[in-house]
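S.K.: The structure under discussion is supplied below as structure tokens; questions concerning it will follow.
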Amino acid sequence: MSLPDYLEIESRLGAHNYKPLDVVLTRGEGVWVWDTDGNRYMDCLSAYSAVNQGHCHPRIRDALVEQAGRLTLTSRAFRNDQLAPFYEEICALTRSHKVLPMNSGAEAVESAIKTVRKWGYQVKGVEPGRAEIIVCADNFHGRTIAIVGFSTDPTARDGFGPFAPGFTVIPFGDAAALEAAITPNTIAFLVEPIQGEAGVIIPPEGYLRRVRDICTKAGIMLILDEIQTGLGRTGKLLAEEHEGIEADLTLIGKALSGGFYPVSAVLSNSEVLGVLKPGEHGSTFGGNPLACAVARMALKVLVEEGMIDNAARQGAVILDRLRALPSPAIKAVRGRGLMIAIELHPEAGGARRVCEALQGQGLLCKETHTHTIRLAPPLVITDDQVAWALERVEGVFGRLGG
Ligand SMILES: *Cc1c(COP(=O)(O)O)cnc(C)c1O
């Protein structure tokens, strides 16, 4: 099949809920992917940070293959020998007390919402049916009905109602707004440490520390959605570490499997997950032995192979070089670790055009909204690969002019 065949069949038979770049990938290794014509590209999106460990990491692949030949799914009606070691290793690594294993990121978010609501009624004593959760404008937490119901993005939300009540939206990065929004029925504040899908929006210094303080004083749960920021992406295992705080619930997913398999988890640092009783929540695939074996190895290589420190180091190099770019098209460069964005001026003709030019140079990037290009390569990127990528980015912006 050639490129036009793939495009025609996808267009005819698939739901059109994505508008991908016209490149059909067939193989991946580390930071590289190859298309069906044999062209090589550097992956600068990393599947929205799900392949932090690089494509087809050999140790994760071996763990997957080995486990797939032994036992893949038992359901939670029975126990499996991978779950307990997964719990031990992830709790030790993240200093958590309890874990709830799920599959997709959105499921982890839904699970956290259910759990803090139950906690709100049983422990905090909120009147039945009245619990409120505070969230931020421009959030991205997934695509289920409850979640898109508190999205402020009309594309994500319009036409999908009616939605679940019980959510209050405040501006991101504004601790005073959080303080003002808390009522006796508030049970939790759900927030991304850095808003990824909104365009890598970094809150003011000290925001998370103030938020932590406010939640503690008000007796409400701080839920950090680290599905994108977590697992090394920002140069720390969890982004909360940049401000030295600990959330009550931390949501991780994406790179928890290194891109092999959907695995997510709710981690809790207080006893909040303890409110769930048998039968009240579950998932057929959640905590299955294949997922646990893959996640154990995905975490192990992240730490053992120094990927987190590498993200901090390479991210700093890239940010410095991008900030020095003389292009008049660039409005702002921002980032932390290898979660980086270049925002263009509205007159610059849009980020899609730049992504297409970068594709021509062998870099696969994806625009977010209209004017922002995200740079988020796998955390295994080397000095030489960073230099290679920067030369090409500089070339594209050089030719772009004003
Ligand atoms: C990707 C993402 C999700 C949703 O994860 P899915 O696996 O796509 O359901 C939730 N929150 C954040 C911050 C994300 O980046």
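Chains: A, B, ... in order of the structure tokens. Residues: from 1 per chain. Ligands: from 1, in order shown.
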At a cut-off of 12 Å, using only C-alpha atoms, what residues contact A:Ala84? Leave out same-chain residues fewer than 3 positions from it and give the result as a PyMOL selection string.

M.R.: chain A and resi 79-81+87-91+98-101+287-289+292-293+296

S.K.: Filtering to N, CA, C and O atoms, could you give me those residues as a PDB file, in the first residue's frame?

M.R.:
```pdb
ATOM      1  N   ARG A  79      -6.008 -13.446  42.073  1.00  0.00           N
ATOM      2  CA  ARG A  79      -4.776 -12.651  42.239  1.00  0.00           C
ATOM      3  C   ARG A  79      -3.761 -13.071  41.189  1.00  0.00           C
ATOM      4  O   ARG A  79      -3.854 -14.164  40.653  1.00  0.00           O
ATOM      5  N   ASN A  80      -2.818 -12.178  40.899  1.00  0.00           N
ATOM      6  CA  ASN A  80      -1.716 -12.579  40.017  1.00  0.00           C
ATOM      7  C   ASN A  80      -0.398 -12.164  40.651  1.00  0.00           C
ATOM      8  O   ASN A  80      -0.354 -11.253  41.467  1.00  0.00           O
ATOM      9  N   ASP A  81       0.675 -12.841  40.253  1.00  0.00           N
ATOM     10  CA  ASP A  81       1.961 -12.666  40.947  1.00  0.00           C
ATOM     11  C   ASP A  81       2.741 -11.427  40.514  1.00  0.00           C
ATOM     12  O   ASP A  81       3.856 -11.223  40.979  1.00  0.00           O
ATOM     13  N   TYR A  87       2.958  -2.999  42.999  1.00  0.00           N
ATOM     14  CA  TYR A  87       2.572  -2.092  44.093  1.00  0.00           C
ATOM     15  C   TYR A  87       3.791  -1.672  44.918  1.00  0.00           C
ATOM     16  O   TYR A  87       3.989  -0.493  45.209  1.00  0.00           O
ATOM     17  N   GLU A  88       4.594  -2.649  45.288  1.00  0.00           N
ATOM     18  CA  GLU A  88       5.758  -2.351  46.142  1.00  0.00           C
ATOM     19  C   GLU A  88       6.708  -1.392  45.443  1.00  0.00           C
ATOM     20  O   GLU A  88       7.170  -0.415  46.036  1.00  0.00           O
ATOM     21  N   GLU A  89       6.983  -1.665  44.173  1.00  0.00           N
ATOM     22  CA  GLU A  89       7.983  -0.869  43.465  1.00  0.00           C
ATOM     23  C   GLU A  89       7.479   0.539  43.181  1.00  0.00           C
ATOM     24  O   GLU A  89       8.215   1.518  43.353  1.00  0.00           O
ATOM     25  N   ILE A  90       6.215   0.671  42.779  1.00  0.00           N
ATOM     26  CA  ILE A  90       5.719   2.011  42.448  1.00  0.00           C
ATOM     27  C   ILE A  90       5.520   2.839  43.720  1.00  0.00           C
ATOM     28  O   ILE A  90       5.780   4.044  43.727  1.00  0.00           O
ATOM     29  N   CYS A  91       5.113   2.210  44.802  1.00  0.00           N
ATOM     30  CA  CYS A  91       4.944   2.950  46.063  1.00  0.00           C
ATOM     31  C   CYS A  91       6.289   3.419  46.601  1.00  0.00           C
ATOM     32  O   CYS A  91       6.419   4.554  47.064  1.00  0.00           O
ATOM     33  N   LYS A  98      -0.817   4.016  48.770  1.00  0.00           N
ATOM     34  CA  LYS A  98      -1.732   3.088  48.107  1.00  0.00           C
ATOM     35  C   LYS A  98      -1.777   3.352  46.610  1.00  0.00           C
ATOM     36  O   LYS A  98      -1.496   4.460  46.159  1.00  0.00           O
ATOM     37  N   VAL A  99      -2.159   2.316  45.874  1.00  0.00           N
ATOM     38  CA  VAL A  99      -2.226   2.396  44.404  1.00  0.00           C
ATOM     39  C   VAL A  99      -3.560   1.827  43.934  1.00  0.00           C
ATOM     40  O   VAL A  99      -4.016   0.805  44.452  1.00  0.00           O
ATOM     41  N   LEU A 100      -4.142   2.454  42.929  1.00  0.00           N
ATOM     42  CA  LEU A 100      -5.281   1.872  42.216  1.00  0.00           C
ATOM     43  C   LEU A 100      -4.878   1.766  40.750  1.00  0.00           C
ATOM     44  O   LEU A 100      -4.710   2.787  40.078  1.00  0.00           O
ATOM     45  N   PRO A 101      -4.680   0.549  40.243  1.00  0.00           N
ATOM     46  CA  PRO A 101      -4.246   0.408  38.856  1.00  0.00           C
ATOM     47  C   PRO A 101      -5.426   0.445  37.900  1.00  0.00           C
ATOM     48  O   PRO A 101      -6.450  -0.204  38.116  1.00  0.00           O
ATOM     49  N   GLY A 287      -4.659  -3.637  36.480  1.00  0.00           N
ATOM     50  CA  GLY A 287      -3.807  -4.463  37.342  1.00  0.00           C
ATOM     51  C   GLY A 287      -3.524  -5.846  36.803  1.00  0.00           C
ATOM     52  O   GLY A 287      -3.112  -6.740  37.549  1.00  0.00           O
ATOM     53  N   ASN A 288      -3.716  -6.049  35.491  1.00  0.00           N
ATOM     54  CA  ASN A 288      -3.468  -7.390  34.948  1.00  0.00           C
ATOM     55  C   ASN A 288      -1.961  -7.669  34.904  1.00  0.00           C
ATOM     56  O   ASN A 288      -1.141  -6.751  34.914  1.00  0.00           O
ATOM     57  N   PRO A 289      -1.590  -8.946  34.883  1.00  0.00           N
ATOM     58  CA  PRO A 289      -0.161  -9.281  35.004  1.00  0.00           C
ATOM     59  C   PRO A 289       0.701  -8.739  33.861  1.00  0.00           C
ATOM     60  O   PRO A 289       1.855  -8.359  34.085  1.00  0.00           O
ATOM     61  N   CYS A 292       1.232  -5.074  34.634  1.00  0.00           N
ATOM     62  CA  CYS A 292       2.124  -4.902  35.794  1.00  0.00           C
ATOM     63  C   CYS A 292       3.564  -5.190  35.420  1.00  0.00           C
ATOM     64  O   CYS A 292       4.479  -4.451  35.808  1.00  0.00           O
ATOM     65  N   ALA A 293       3.796  -6.254  34.638  1.00  0.00           N
ATOM     66  CA  ALA A 293       5.168  -6.604  34.245  1.00  0.00           C
ATOM     67  C   ALA A 293       5.768  -5.504  33.375  1.00  0.00           C
ATOM     68  O   ALA A 293       6.934  -5.122  33.546  1.00  0.00           O
ATOM     69  N   ARG A 296       6.393  -2.341  35.563  1.00  0.00           N
ATOM     70  CA  ARG A 296       7.563  -2.519  36.443  1.00  0.00           C
ATOM     71  C   ARG A 296       8.845  -2.241  35.679  1.00  0.00           C
ATOM     72  O   ARG A 296       9.729  -1.548  36.162  1.00  0.00           O
TER      73      ARG A 296
END
```

S.K.: Distance limit 10 Å, reference ligand 1, atoms considered: only C-alpha atoms and all ligand atoms. Which residues make the cut? Give them as a PyMOL selection string.

M.R.: chain A and resi 47-50+103-110+139-144+147+191-198+224-230+251-255+262-264

S.K.: Find the residue from A:Val65, A:Leu273, A:Val301, A:Ile342 that sits nearest to A:Ile201; use only C-alpha atoms when measuring.

M.R.: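 Going through A:Val65, A:Leu273, A:Val301, A:Ile342 one by one, the smallest distance to A:Ile201 is for A:Ile342.
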
S.K.: I need the residues in stretch 220-299 of chain A that are strand (DSSP E) according to DSSP; give them as a tab-separated table (two decimals) with N, CA, C and O atoms, in the first residue's frame.

M.R.:
```tsv
chain	number	residue	atom	x	y	z
A	221	MET	N	-8.67	17.65	49.21
A	221	MET	CA	-7.66	16.82	48.56
A	221	MET	C	-7.04	17.55	47.38
A	221	MET	O	-7.77	18.09	46.54
A	222	LEU	N	-5.72	17.53	47.29
A	222	LEU	CA	-5.02	18.04	46.11
A	222	LEU	C	-4.75	16.86	45.18
A	222	LEU	O	-4.03	15.93	45.54
A	223	ILE	N	-5.38	16.90	44.00
A	223	ILE	CA	-5.17	15.86	42.99
A	223	ILE	C	-4.31	16.44	41.88
A	223	ILE	O	-4.71	17.38	41.20
A	224	LEU	N	-3.11	15.90	41.69
A	224	LEU	CA	-2.26	16.36	40.59
A	224	LEU	C	-2.36	15.37	39.44
A	224	LEU	O	-2.09	14.17	39.62
A	225	ASP	N	-2.76	15.87	38.29
A	225	ASP	CA	-2.78	15.04	37.07
A	225	ASP	C	-1.38	15.11	36.45
A	225	ASP	O	-1.04	16.07	35.77
A	249	LEU	N	-3.46	12.90	45.94
A	249	LEU	CA	-3.62	11.88	44.90
A	249	LEU	C	-2.80	12.32	43.68
A	249	LEU	O	-2.87	13.48	43.29
A	250	THR	N	-2.06	11.39	43.12
A	250	THR	CA	-1.28	11.68	41.92
A	250	THR	C	-1.72	10.70	40.84
A	250	THR	O	-1.83	9.50	41.09
A	251	LEU	N	-1.99	11.25	39.65
A	251	LEU	CA	-2.46	10.41	38.54
A	251	LEU	C	-1.32	10.26	37.55
A	251	LEU	O	-0.73	11.26	37.11
A	252	ILE	N	-0.99	9.01	37.22
A	252	ILE	CA	0.02	8.78	36.18
A	252	ILE	C	-0.54	7.80	35.16
A	252	ILE	O	-1.51	7.06	35.43
A	264	SER	N	-2.41	2.92	33.64
A	264	SER	CA	-2.47	4.14	34.43
A	264	SER	C	-2.64	3.77	35.89
A	264	SER	O	-2.89	2.60	36.22
A	265	ALA	N	-2.48	4.75	36.76
A	265	ALA	CA	-2.63	4.47	38.18
A	265	ALA	C	-3.02	5.73	38.94
A	265	ALA	O	-2.61	6.84	38.57
A	266	VAL	N	-3.81	5.52	39.99
A	266	VAL	CA	-4.06	6.56	40.98
A	266	VAL	C	-3.16	6.22	42.16
A	266	VAL	O	-3.22	5.11	42.69
A	267	LEU	N	-2.31	7.17	42.54
A	267	LEU	CA	-1.44	6.97	43.70
A	267	LEU	C	-1.97	7.86	44.80
A	267	LEU	O	-2.32	9.01	44.55
A	268	SER	N	-2.03	7.34	46.01
A	268	SER	CA	-2.53	8.20	47.07
A	268	SER	C	-1.56	8.25	48.23
A	268	SER	O	-0.96	7.26	48.61
```

S.K.: Go through A:Lys277, A:Arg336, A:Arg392, A:Arg321 one by one, measure the shortest atom-to-atom distance of each to A:Cys355 using only C-alpha atoms, and give the residue with the smallest value.

M.R.: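 When distances to A:Cys355 are compared using only C-alpha atoms, the smallest one comes from A:Arg392.
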
S.K.: Distance atom CA of A:Val303-atom CA of A:Pro378, one decimal place?

M.R.: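 So the two atoms, atom CA of A:Val303 and atom CA of A:Pro378, lie 14.2 Å apart.
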
S.K.: Show me, as an MDAnalysis selection string, the residues that have an atom within 8 Å of stretch 120-135 of chain A when counting only C-alpha atoms, minus same-chain residues fewer than 5 positions from it.

M.R.: chainID A and resid 150 166:170 178 181:182 184:191 275

S.K.: Can I get the selection written as a PDB file, in the first residue's frame, with N, CA and C atoms?

M.R.:
```pdb
ATOM      1  N   PHE A 150     -16.213  19.294  32.303  1.00  0.00           N
ATOM      2  CA  PHE A 150     -15.565  20.428  32.975  1.00  0.00           C
ATOM      3  C   PHE A 150     -14.383  20.961  32.166  1.00  0.00           C
ATOM      4  N   GLY A 166     -21.130  19.352  39.673  1.00  0.00           N
ATOM      5  CA  GLY A 166     -20.207  19.221  40.798  1.00  0.00           C
ATOM      6  C   GLY A 166     -18.800  19.707  40.524  1.00  0.00           C
ATOM      7  N   PHE A 167     -18.628  20.498  39.447  1.00  0.00           N
ATOM      8  CA  PHE A 167     -17.288  21.012  39.146  1.00  0.00           C
ATOM      9  C   PHE A 167     -17.330  22.538  39.041  1.00  0.00           C
ATOM     10  N   THR A 168     -16.300  23.186  39.578  1.00  0.00           N
ATOM     11  CA  THR A 168     -16.173  24.637  39.529  1.00  0.00           C
ATOM     12  C   THR A 168     -14.864  24.959  38.818  1.00  0.00           C
ATOM     13  N   VAL A 169     -14.916  25.877  37.864  1.00  0.00           N
ATOM     14  CA  VAL A 169     -13.713  26.208  37.088  1.00  0.00           C
ATOM     15  C   VAL A 169     -13.126  27.537  37.561  1.00  0.00           C
ATOM     16  N   ILE A 170     -11.805  27.530  37.807  1.00  0.00           N
ATOM     17  CA  ILE A 170     -11.090  28.761  38.173  1.00  0.00           C
ATOM     18  C   ILE A 170      -9.918  28.944  37.197  1.00  0.00           C
ATOM     19  N   LEU A 178      -8.235  30.021  43.837  1.00  0.00           N
ATOM     20  CA  LEU A 178      -8.563  28.751  44.500  1.00  0.00           C
ATOM     21  C   LEU A 178      -9.122  29.021  45.889  1.00  0.00           C
ATOM     22  N   ALA A 181     -12.611  30.197  45.819  1.00  0.00           N
ATOM     23  CA  ALA A 181     -13.627  29.291  45.261  1.00  0.00           C
ATOM     24  C   ALA A 181     -14.030  28.178  46.225  1.00  0.00           C
ATOM     25  N   ILE A 182     -13.268  27.998  47.298  1.00  0.00           N
ATOM     26  CA  ILE A 182     -13.544  26.886  48.215  1.00  0.00           C
ATOM     27  C   ILE A 182     -14.792  27.170  49.050  1.00  0.00           C
ATOM     28  N   PRO A 184     -17.882  25.074  51.803  1.00  0.00           N
ATOM     29  CA  PRO A 184     -17.932  23.913  52.713  1.00  0.00           C
ATOM     30  C   PRO A 184     -18.138  22.583  51.972  1.00  0.00           C
ATOM     31  N   ASN A 185     -18.638  22.628  50.739  1.00  0.00           N
ATOM     32  CA  ASN A 185     -18.844  21.392  49.977  1.00  0.00           C
ATOM     33  C   ASN A 185     -17.660  20.999  49.102  1.00  0.00           C
ATOM     34  N   THR A 186     -16.644  21.849  49.068  1.00  0.00           N
ATOM     35  CA  THR A 186     -15.476  21.526  48.237  1.00  0.00           C
ATOM     36  C   THR A 186     -14.726  20.351  48.852  1.00  0.00           C
ATOM     37  N   ILE A 187     -14.403  19.383  47.982  1.00  0.00           N
ATOM     38  CA  ILE A 187     -13.674  18.207  48.475  1.00  0.00           C
ATOM     39  C   ILE A 187     -12.284  18.093  47.863  1.00  0.00           C
ATOM     40  N   ALA A 188     -12.061  18.705  46.706  1.00  0.00           N
ATOM     41  CA  ALA A 188     -10.780  18.489  46.038  1.00  0.00           C
ATOM     42  C   ALA A 188     -10.495  19.577  45.013  1.00  0.00           C
ATOM     43  N   PHE A 189      -9.201  19.728  44.724  1.00  0.00           N
ATOM     44  CA  PHE A 189      -8.727  20.590  43.634  1.00  0.00           C
ATOM     45  C   PHE A 189      -7.936  19.697  42.686  1.00  0.00           C
ATOM     46  N   LEU A 190      -8.375  19.641  41.428  1.00  0.00           N
ATOM     47  CA  LEU A 190      -7.727  18.809  40.401  1.00  0.00           C
ATOM     48  C   LEU A 190      -6.983  19.722  39.440  1.00  0.00           C
ATOM     49  N   VAL A 191      -5.661  19.491  39.290  1.00  0.00           N
ATOM     50  CA  VAL A 191      -4.876  20.412  38.458  1.00  0.00           C
ATOM     51  C   VAL A 191      -3.683  19.697  37.834  1.00  0.00           C
ATOM     52  N   VAL A 275     -11.028   4.394  51.169  1.00  0.00           N
ATOM     53  CA  VAL A 275     -12.495   4.439  51.284  1.00  0.00           C
ATOM     54  C   VAL A 275     -13.173   3.462  50.318  1.00  0.00           C
TER      55      VAL A 275
END
```

S.K.: Between A:Gln314, A:Gln53, A:Thr370, A:Asn269, which is the closest to A:Ala92 once you count only C-alpha atoms?

M.R.: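 For A:Ala92, the nearest of the candidates is A:Asn269.
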
S.K.: Could you work out how far atom CA of A:Asp383 lies from atom CA of A:Asn310, giving the answer in Å with one decimal?

M.R.: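 Between atom CA of A:Asn310 and atom CA of A:Asp383 the gap is 9.6 Å.
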
S.K.: Just want the 9 Å neighbourhood of A:Glu243, counted on only C-alpha atoms, with same-chain residues fewer than 3 positions away dropped. Output as a list of chain:residue names.

M.R.: A:Glu205, A:Gly206, A:Tyr207, A:Leu208, A:Arg209, A:Ala239, A:Glu240, A:Glu246

S.K.: Take the residues just selected and output them with all heavy atoms as a PDB file, in the first residue's frame.

M.R.:
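Written out: selection_25.pdb:
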```
ATOM      1  N   GLU A 205       6.083  30.628  39.683  1.00  0.00           N
ATOM      2  CA  GLU A 205       6.902  30.035  40.729  1.00  0.00           C
ATOM      3  C   GLU A 205       6.158  30.098  42.079  1.00  0.00           C
ATOM      4  O   GLU A 205       5.608  31.125  42.433  1.00  0.00           O
ATOM      5  CB  GLU A 205       8.220  30.847  40.789  1.00  0.00           C
ATOM      6  CG  GLU A 205       9.124  30.597  41.978  1.00  0.00           C
ATOM      7  CD  GLU A 205       9.824  29.251  41.890  1.00  0.00           C
ATOM      8  OE1 GLU A 205      10.073  28.797  40.754  1.00  0.00           O
ATOM      9  OE2 GLU A 205      10.082  28.654  42.951  1.00  0.00           O
ATOM     10  N   GLY A 206       6.124  28.983  42.792  1.00  0.00           N
ATOM     11  CA  GLY A 206       5.490  28.965  44.107  1.00  0.00           C
ATOM     12  C   GLY A 206       4.010  28.620  44.082  1.00  0.00           C
ATOM     13  O   GLY A 206       3.395  28.422  45.132  1.00  0.00           O
ATOM     14  N   TYR A 207       3.434  28.511  42.876  1.00  0.00           N
ATOM     15  CA  TYR A 207       1.994  28.227  42.763  1.00  0.00           C
ATOM     16  C   TYR A 207       1.619  26.913  43.440  1.00  0.00           C
ATOM     17  O   TYR A 207       0.682  26.867  44.253  1.00  0.00           O
ATOM     18  CB  TYR A 207       1.598  28.190  41.285  1.00  0.00           C
ATOM     19  CG  TYR A 207       0.168  27.778  40.996  1.00  0.00           C
ATOM     20  CD1 TYR A 207      -0.899  28.564  41.423  1.00  0.00           C
ATOM     21  CD2 TYR A 207      -0.119  26.609  40.283  1.00  0.00           C
ATOM     22  CE1 TYR A 207      -2.208  28.196  41.144  1.00  0.00           C
ATOM     23  CE2 TYR A 207      -1.422  26.238  40.001  1.00  0.00           C
ATOM     24  CZ  TYR A 207      -2.468  27.037  40.431  1.00  0.00           C
ATOM     25  OH  TYR A 207      -3.757  26.672  40.146  1.00  0.00           O
ATOM     26  N   LEU A 208       2.361  25.856  43.144  1.00  0.00           N
ATOM     27  CA  LEU A 208       1.990  24.547  43.707  1.00  0.00           C
ATOM     28  C   LEU A 208       2.168  24.525  45.229  1.00  0.00           C
ATOM     29  O   LEU A 208       1.385  23.888  45.936  1.00  0.00           O
ATOM     30  CB  LEU A 208       2.798  23.420  43.050  1.00  0.00           C
ATOM     31  CG  LEU A 208       2.447  23.102  41.595  1.00  0.00           C
ATOM     32  CD1 LEU A 208       3.294  21.944  41.082  1.00  0.00           C
ATOM     33  CD2 LEU A 208       0.961  22.781  41.431  1.00  0.00           C
ATOM     34  N   ARG A 209       3.191  25.224  45.716  1.00  0.00           N
ATOM     35  CA  ARG A 209       3.363  25.291  47.180  1.00  0.00           C
ATOM     36  C   ARG A 209       2.186  26.015  47.823  1.00  0.00           C
ATOM     37  O   ARG A 209       1.646  25.572  48.841  1.00  0.00           O
ATOM     38  CB  ARG A 209       4.666  26.014  47.535  1.00  0.00           C
ATOM     39  CG  ARG A 209       5.905  25.110  47.515  1.00  0.00           C
ATOM     40  CD  ARG A 209       7.089  25.762  48.214  1.00  0.00           C
ATOM     41  NE  ARG A 209       7.465  27.022  47.579  1.00  0.00           N
ATOM     42  CZ  ARG A 209       8.270  27.108  46.504  1.00  0.00           C
ATOM     43  NH1 ARG A 209       8.771  26.011  45.980  1.00  0.00           N
ATOM     44  NH2 ARG A 209       8.560  28.270  45.982  1.00  0.00           N
ATOM     45  N   ALA A 239       6.492  16.093  38.534  1.00  0.00           N
ATOM     46  CA  ALA A 239       6.671  17.546  38.451  1.00  0.00           C
ATOM     47  C   ALA A 239       6.471  18.218  39.802  1.00  0.00           C
ATOM     48  O   ALA A 239       7.006  19.300  40.047  1.00  0.00           O
ATOM     49  CB  ALA A 239       5.713  18.135  37.411  1.00  0.00           C
ATOM     50  N   GLU A 240       5.706  17.606  40.706  1.00  0.00           N
ATOM     51  CA  GLU A 240       5.484  18.186  42.037  1.00  0.00           C
ATOM     52  C   GLU A 240       6.813  18.416  42.768  1.00  0.00           C
ATOM     53  O   GLU A 240       6.927  19.295  43.606  1.00  0.00           O
ATOM     54  CB  GLU A 240       4.568  17.289  42.887  1.00  0.00           C
ATOM     55  CG  GLU A 240       5.170  15.929  43.206  1.00  0.00           C
ATOM     56  CD  GLU A 240       4.335  15.072  44.164  1.00  0.00           C
ATOM     57  OE1 GLU A 240       3.127  15.310  44.293  1.00  0.00           O
ATOM     58  OE2 GLU A 240       4.926  14.156  44.779  1.00  0.00           O
ATOM     59  N   GLU A 246       3.899  17.372  48.025  1.00  0.00           N
ATOM     60  CA  GLU A 246       3.304  16.068  47.731  1.00  0.00           C
ATOM     61  C   GLU A 246       1.800  16.232  47.614  1.00  0.00           C
ATOM     62  O   GLU A 246       1.146  16.770  48.508  1.00  0.00           O
ATOM     63  CB  GLU A 246       3.636  15.060  48.831  1.00  0.00           C
ATOM     64  CG  GLU A 246       5.028  14.493  48.669  1.00  0.00           C
ATOM     65  CD  GLU A 246       5.327  13.358  49.631  1.00  0.00           C
ATOM     66  OE1 GLU A 246       4.376  12.684  50.094  1.00  0.00           O
ATOM     67  OE2 GLU A 246       6.518  13.163  49.920  1.00  0.00           O
TER      68      GLU A 246
END
```

S.K.: Enter the distance from atom CA of A:Asp384 to atom CA of A:Ile318, in Å, rounded to one decimal.

M.R.: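 One can read the atom CA of A:Asp384 to atom CA of A:Ile318 distance as 12.1 Å.
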
S.K.: What are the closest atom pairs, with distances in Å to one decimal, for all residues of stretch 258-316 of chain A lying within 12 Å of stretch 25-46 of chain A? Consider only C-alpha atoms, order rows by chain and residue number, and present the result as a Markdown table.

M.R.:
```
| residue | atom | partner | partner_atom | distance |
| --- | --- | --- | --- | --- |
| A:Gly258 | CA | A:Ser46 | CA | 9.7 |
| A:Gly259 | CA | A:Ser46 | CA | 8.7 |
| A:Phe260 | CA | A:Gly28 | CA | 11.9 |
```

S.K.: Using only C-alpha atoms, pick whichever of A:Ala316, A:Leu400, A:Met1, A:Ile308 has the shortest atom-to-atom distance to A:Ala329.

M.R.: A:Leu400

S.K.: Given the choices A:Ala137, A:Ala218, A:Val380, A:Ile145, which gets closest to A:Gly235 if the distance is worked out from only C-alpha atoms?

M.R.: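 Among A:Ala137, A:Ala218, A:Val380, A:Ile145, it is A:Val380 that comes nearest to A:Gly235.
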
S.K.: Give me the residues within 9 Å of A:Gln359 as an NGL selection string, counting only C-alpha atoms and dropping any in the same chain fewer than 5 places off.

M.R.: :A and (21 or 23 or 41 or 354 or 364-365)

S.K.: Store the residues picked out above in a file with N, CA, C and O atoms, as an mmCIF file, in the first residue's frame.

M.R.:
```
data_model
loop_
_atom_site.group_PDB
_atom_site.id
_atom_site.type_symbol
_atom_site.label_atom_id
_atom_site.label_comp_id
_atom_site.auth_asym_id
_atom_site.auth_seq_id
_atom_site.Cartn_x
_atom_site.Cartn_y
_atom_site.Cartn_z
ATOM 1 N N LEU A 21 -0.639 14.323 10.811
ATOM 2 C CA LEU A 21 0.254 14.616 9.691
ATOM 3 C C LEU A 21 0.186 13.434 8.733
ATOM 4 O O LEU A 21 -0.031 12.293 9.156
ATOM 5 N N VAL A 23 1.900 11.084 7.435
ATOM 6 C CA VAL A 23 3.077 10.225 7.461
ATOM 7 C C VAL A 23 2.620 8.910 8.093
ATOM 8 O O VAL A 23 1.930 8.914 9.119
ATOM 9 N N TYR A 41 12.575 9.670 10.850
ATOM 10 C CA TYR A 41 12.247 10.931 11.532
ATOM 11 C C TYR A 41 12.601 10.829 13.015
ATOM 12 O O TYR A 41 12.499 9.744 13.600
ATOM 13 N N VAL A 354 4.784 25.158 10.157
ATOM 14 C CA VAL A 354 6.128 24.907 10.684
ATOM 15 C C VAL A 354 6.328 23.404 10.908
ATOM 16 O O VAL A 354 7.382 22.854 10.580
ATOM 17 N N LEU A 364 9.374 14.962 13.504
ATOM 18 C CA LEU A 364 7.922 14.903 13.620
ATOM 19 C C LEU A 364 7.479 15.650 14.860
ATOM 20 O O LEU A 364 7.771 15.258 15.986
ATOM 21 N N CYS A 365 6.775 16.758 14.634
ATOM 22 C CA CYS A 365 6.245 17.574 15.722
ATOM 23 C C CYS A 365 4.756 17.741 15.472
ATOM 24 O O CYS A 365 4.282 17.581 14.350
#
```

S.K.: Counting only C-alpha atoms, figure out which residue out of A:Leu13, A:Leu64, A:Leu238, A:Ala146 gets nearest to A:Leu290.

M.R.: A:Leu64
